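Visitor: So here's my_file_3.pdb (PDB, C-alpha atoms).
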```
ATOM      1  CA  MET A   1     107.216 101.261  95.547  1.00  0.00           C
ATOM      2  CA  TYR A   2     109.793 103.085  97.619  1.00  0.00           C
ATOM      3  CA  ASP A   3     113.544 103.225  97.295  1.00  0.00           C
ATOM      4  CA  ALA A   4     115.701 101.295  99.729  1.00  0.00           C
ATOM      5  CA  PHE A   5     116.583 104.639 101.285  1.00  0.00           C
ATOM      6  CA  VAL A   6     113.791 106.330 103.185  1.00  0.00           C
ATOM      7  CA  LYS A   7     113.870 109.460 105.264  1.00  0.00           C
ATOM      8  CA  ALA A   8     112.237 109.758 108.662  1.00  0.00           C
ATOM      9  CA  VAL A   9     110.356 113.013 109.150  1.00  0.00           C
ATOM     10  CA  THR A  10     108.524 114.531 112.067  1.00  0.00           C
ATOM     11  CA  ILE A  11     105.158 116.170 111.546  1.00  0.00           C
ATOM     12  CA  THR A  12     102.834 117.913 113.942  1.00  0.00           C
ATOM     13  CA  MET A  13      99.062 117.574 113.919  1.00  0.00           C
ATOM     14  CA  PRO A  14      96.167 118.051 116.293  1.00  0.00           C
ATOM     15  CA  GLU A  15      95.523 115.127 118.658  1.00  0.00           C
ATOM     16  CA  GLU A  16      92.094 114.512 117.129  1.00  0.00           C
ATOM     17  CA  LEU A  17      93.588 114.174 113.632  1.00  0.00           C
ATOM     18  CA  ASP A  18      96.256 111.830 114.963  1.00  0.00           C
ATOM     19  CA  ALA A  19      93.588 109.667 116.612  1.00  0.00           C
ATOM     20  CA  GLN A  20      91.558 109.579 113.388  1.00  0.00           C
ATOM     21  CA  ALA A  21      94.669 108.661 111.411  1.00  0.00           C
ATOM     22  CA  ALA A  22      95.526 105.856 113.836  1.00  0.00           C
ATOM     23  CA  ALA A  23      91.983 104.473 113.699  1.00  0.00           C
ATOM     24  CA  GLU A  24      91.860 104.546 109.896  1.00  0.00           C
ATOM     25  CA  ALA A  25      95.286 102.935 109.606  1.00  0.00           C
ATOM     26  CA  ARG A  26      94.125 100.130 111.929  1.00  0.00           C
ATOM     27  CA  ARG A  27      90.967  99.712 109.865  1.00  0.00           C
ATOM     28  CA  LEU A  28      93.044  99.415 106.683  1.00  0.00           C
ATOM     29  CA  GLY A  29      95.572  97.116 108.346  1.00  0.00           C
ATOM     30  CA  ILE A  30      98.497  99.416 107.592  1.00  0.00           C
ATOM     31  CA  SER A  31     100.776 101.691 109.579  1.00  0.00           C
ATOM     32  CA  LYS A  32     100.062 105.386 110.030  1.00  0.00           C
ATOM     33  CA  SER A  33     103.244 106.055 108.081  1.00  0.00           C
ATOM     34  CA  GLU A  34     101.955 104.035 105.131  1.00  0.00           C
ATOM     35  CA  MET A  35      98.613 105.806 105.258  1.00  0.00           C
ATOM     36  CA  ILE A  36     100.320 109.205 105.255  1.00  0.00           C
ATOM     37  CA  ARG A  37     102.562 108.125 102.346  1.00  0.00           C
ATOM     38  CA  ARG A  38      99.479 107.035 100.393  1.00  0.00           C
ATOM     39  CA  GLY A  39      97.763 110.327 101.147  1.00  0.00           C
ATOM     40  CA  LEU A  40     100.738 112.308  99.930  1.00  0.00           C
ATOM     41  CA  ALA A  41     101.029 110.147  96.819  1.00  0.00           C
ATOM     42  CA  ALA A  42      97.364 110.856  96.070  1.00  0.00           C
ATOM     43  CA  VAL A  43      97.808 114.622  96.071  1.00  0.00           C
ATOM     44  CA  LEU A  44     101.307 114.997  94.634  1.00  0.00           C
ATOM     45  CA  PRO A  45     101.970 114.792  90.888  1.00  0.00           C
ATOM     46  CA  GLY A  46     103.087 111.406  89.550  1.00  0.00           C
ATOM     47  CA  GLU A  47     106.805 110.748  89.338  1.00  0.00           C
ATOM     48  CA  SER A  48     107.008 109.884  85.651  1.00  0.00           C
ATOM     49  CA  SER A  49     104.883 112.425  83.782  1.00  0.00           C
ATOM     50  CA  GLY A  50     104.262 114.988  86.472  1.00  0.00           C
ATOM     51  CA  GLU A  51     100.515 114.289  86.185  1.00  0.00           C
ATOM     52  CA  VAL A  52      98.157 111.728  87.600  1.00  0.00           C
ATOM     53  CA  ASP A  53      97.073 109.262  84.916  1.00  0.00           C
ATOM     54  CA  ASP A  54      94.915 106.858  86.918  1.00  0.00           C
ATOM     55  CA  PRO A  55      91.242 107.290  85.838  1.00  0.00           C
ATOM     56  CA  TRP A  56      89.873 106.629  89.330  1.00  0.00           C
ATOM     57  CA  THR A  57      92.175 109.223  90.832  1.00  0.00           C
ATOM     58  CA  LEU A  58      91.157 111.709  88.146  1.00  0.00           C
ATOM     59  CA  MET A  59      87.456 111.170  88.873  1.00  0.00           C
ATOM     60  CA  THR A  60      87.834 111.494  92.636  1.00  0.00           C
ATOM     61  CA  GLY A  61      89.247 114.990  92.447  1.00  0.00           C
ATOM     62  CA  PHE A  62      92.963 114.415  92.723  1.00  0.00           C
ATOM     63  CA  GLY A  63      93.609 114.868  89.012  1.00  0.00           C
ATOM     64  CA  PRO A  64      94.595 117.879  86.939  1.00  0.00           C
ATOM     65  CA  ALA A  65      92.387 120.967  87.135  1.00  0.00           C
ATOM     66  CA  ASP A  66      91.479 120.786  83.427  1.00  0.00           C
ATOM     67  CA  VAL A  67      89.372 117.642  83.939  1.00  0.00           C
ATOM     68  CA  SER A  68      85.731 118.532  84.450  1.00  0.00           C
ATOM     69  CA  VAL A  69      82.795 116.429  85.552  1.00  0.00           C
ATOM     70  CA  ALA A  70      80.995 116.875  82.232  1.00  0.00           C
ATOM     71  CA  PRO A  71      79.334 113.545  81.328  1.00  0.00           C
ATOM     72  CA  GLY A  72      81.296 112.977  78.130  1.00  0.00           C
ATOM     73  CA  GLN A  73      84.677 113.800  79.634  1.00  0.00           C
ATOM     74  CA  ILE A  74      84.402 111.255  82.448  1.00  0.00           C
ATOM     75  CA  ASP A  75      83.401 108.554  79.938  1.00  0.00           C
ATOM     76  CA  ASP A  76      86.394 109.481  77.773  1.00  0.00           C
ATOM     77  CA  ILE A  77      88.736 109.179  80.753  1.00  0.00           C
ATOM     78  CA  VAL A  78      87.298 105.887  82.014  1.00  0.00           C
ATOM     79  CA  TYR A  79      86.595 104.145  78.715  1.00  0.00           C
ATOM     80  CA  GLY A  80      88.988 105.964  76.404  1.00  0.00           C
ATOM     81  CA  SER A  81      87.992 108.020  73.422  1.00  0.00           C
TER      82      SER A  81
END
```
Will you turn the file into structure tokens for me?

Guide:
Amino acid sequence: MYDAFVKAVTITMPEELDAQAAAEARRLGISKSEMIRRGLAAVLPGESSGEVDDPWTLMTGFGPADVSVAPGQIDDIVYGS
């Protein structure tokens, strides 16, 4: 998923958020770094098309702004039109 070359970054966050992140990472069985990478990947545009094309991601609110929650539109996204 990631290139052989990765960059280390330093971020600052409140202690409470750091504790929550550590607890959730433990629950998922992943590192905090992996959880943060996944979070960023969920909110940043996809690499190939510049848009998110995963139906679940679109339905959970991380998709393009032009996708509404109108009943027919969700069915079209999930099941195809």

Visitor: Rounded to one decimal place, report the atom CA of A:Arg26-atom CA of A:Pro45 distance in Å.

Guide: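 Between atom CA of A:Arg26 and atom CA of A:Pro45 the gap is 26.8 Å.
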
Visitor: In Å to one decimal, how far is atom CA of A:Pro14 from atom CA of A:Ala41?

Guide: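 For atom CA of A:Ala41 relative to atom CA of A:Pro14, the distance reads 21.6 Å.
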
Visitor: State, in Å with one decimal place, the distance from atom CA of A:Ala22 to atom CA of A:Leu44.

Guide: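 Calculated distance between atom CA of A:Ala22 and atom CA of A:Leu44 is 22.0 Å.
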
Visitor: From the list A:Gly80, A:Lys32, A:Arg38, A:Val43, which residue is nearest A:Leu17 when using only C-alpha atoms?

Guide: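 Ranking A:Gly80, A:Lys32, A:Arg38, A:Val43 by distance to A:Leu17, first place goes to A:Lys32.
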
Visitor: Quick one: everything within 10 Å of A:Ile36, counting all atoms listed in the file, minus sequence neighbours fewer than 6 positions away in the same chain. Send it as an mmCIF file with C-alpha atoms, in the coordinates of the input.

Guide:
```cif
data_model
loop_
_atom_site.group_PDB
_atom_site.id
_atom_site.type_symbol
_atom_site.label_atom_id
_atom_site.label_comp_id
_atom_site.auth_asym_id
_atom_site.auth_seq_id
_atom_site.Cartn_x
_atom_site.Cartn_y
_atom_site.Cartn_z
ATOM 1 C CA ALA A 21 94.669 108.661 111.411
ATOM 2 C CA ALA A 25 95.286 102.935 109.606
ATOM 3 C CA ALA A 42 97.364 110.856 96.070
#
```

Visitor: Take the point (101.4, 107.1, 112.3) in the file's coordinates, draw a sphere of radius 12 Å around it, and report as a VMD selection string every protein, DNA or RNA residue with an atom inside or on it, counting all atoms listed in the file.

Guide: chain A and resid 8 to 13 15 17 to 26 30 to 37

Visitor: I need the chosen residues saved as a PDB file, in the frame of the given file, with C-alpha atoms.

Guide:
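Printed below is result37.pdb as written:
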```pdb
ATOM      1  CA  ALA A   8     112.237 109.758 108.662  1.00  0.00           C
ATOM      2  CA  VAL A   9     110.356 113.013 109.150  1.00  0.00           C
ATOM      3  CA  THR A  10     108.524 114.531 112.067  1.00  0.00           C
ATOM      4  CA  ILE A  11     105.158 116.170 111.546  1.00  0.00           C
ATOM      5  CA  THR A  12     102.834 117.913 113.942  1.00  0.00           C
ATOM      6  CA  MET A  13      99.062 117.574 113.919  1.00  0.00           C
ATOM      7  CA  GLU A  15      95.523 115.127 118.658  1.00  0.00           C
ATOM      8  CA  LEU A  17      93.588 114.174 113.632  1.00  0.00           C
ATOM      9  CA  ASP A  18      96.256 111.830 114.963  1.00  0.00           C
ATOM     10  CA  ALA A  19      93.588 109.667 116.612  1.00  0.00           C
ATOM     11  CA  GLN A  20      91.558 109.579 113.388  1.00  0.00           C
ATOM     12  CA  ALA A  21      94.669 108.661 111.411  1.00  0.00           C
ATOM     13  CA  ALA A  22      95.526 105.856 113.836  1.00  0.00           C
ATOM     14  CA  ALA A  23      91.983 104.473 113.699  1.00  0.00           C
ATOM     15  CA  GLU A  24      91.860 104.546 109.896  1.00  0.00           C
ATOM     16  CA  ALA A  25      95.286 102.935 109.606  1.00  0.00           C
ATOM     17  CA  ARG A  26      94.125 100.130 111.929  1.00  0.00           C
ATOM     18  CA  ILE A  30      98.497  99.416 107.592  1.00  0.00           C
ATOM     19  CA  SER A  31     100.776 101.691 109.579  1.00  0.00           C
ATOM     20  CA  LYS A  32     100.062 105.386 110.030  1.00  0.00           C
ATOM     21  CA  SER A  33     103.244 106.055 108.081  1.00  0.00           C
ATOM     22  CA  GLU A  34     101.955 104.035 105.131  1.00  0.00           C
ATOM     23  CA  MET A  35      98.613 105.806 105.258  1.00  0.00           C
ATOM     24  CA  ILE A  36     100.320 109.205 105.255  1.00  0.00           C
ATOM     25  CA  ARG A  37     102.562 108.125 102.346  1.00  0.00           C
TER      26      ARG A  37
END
```
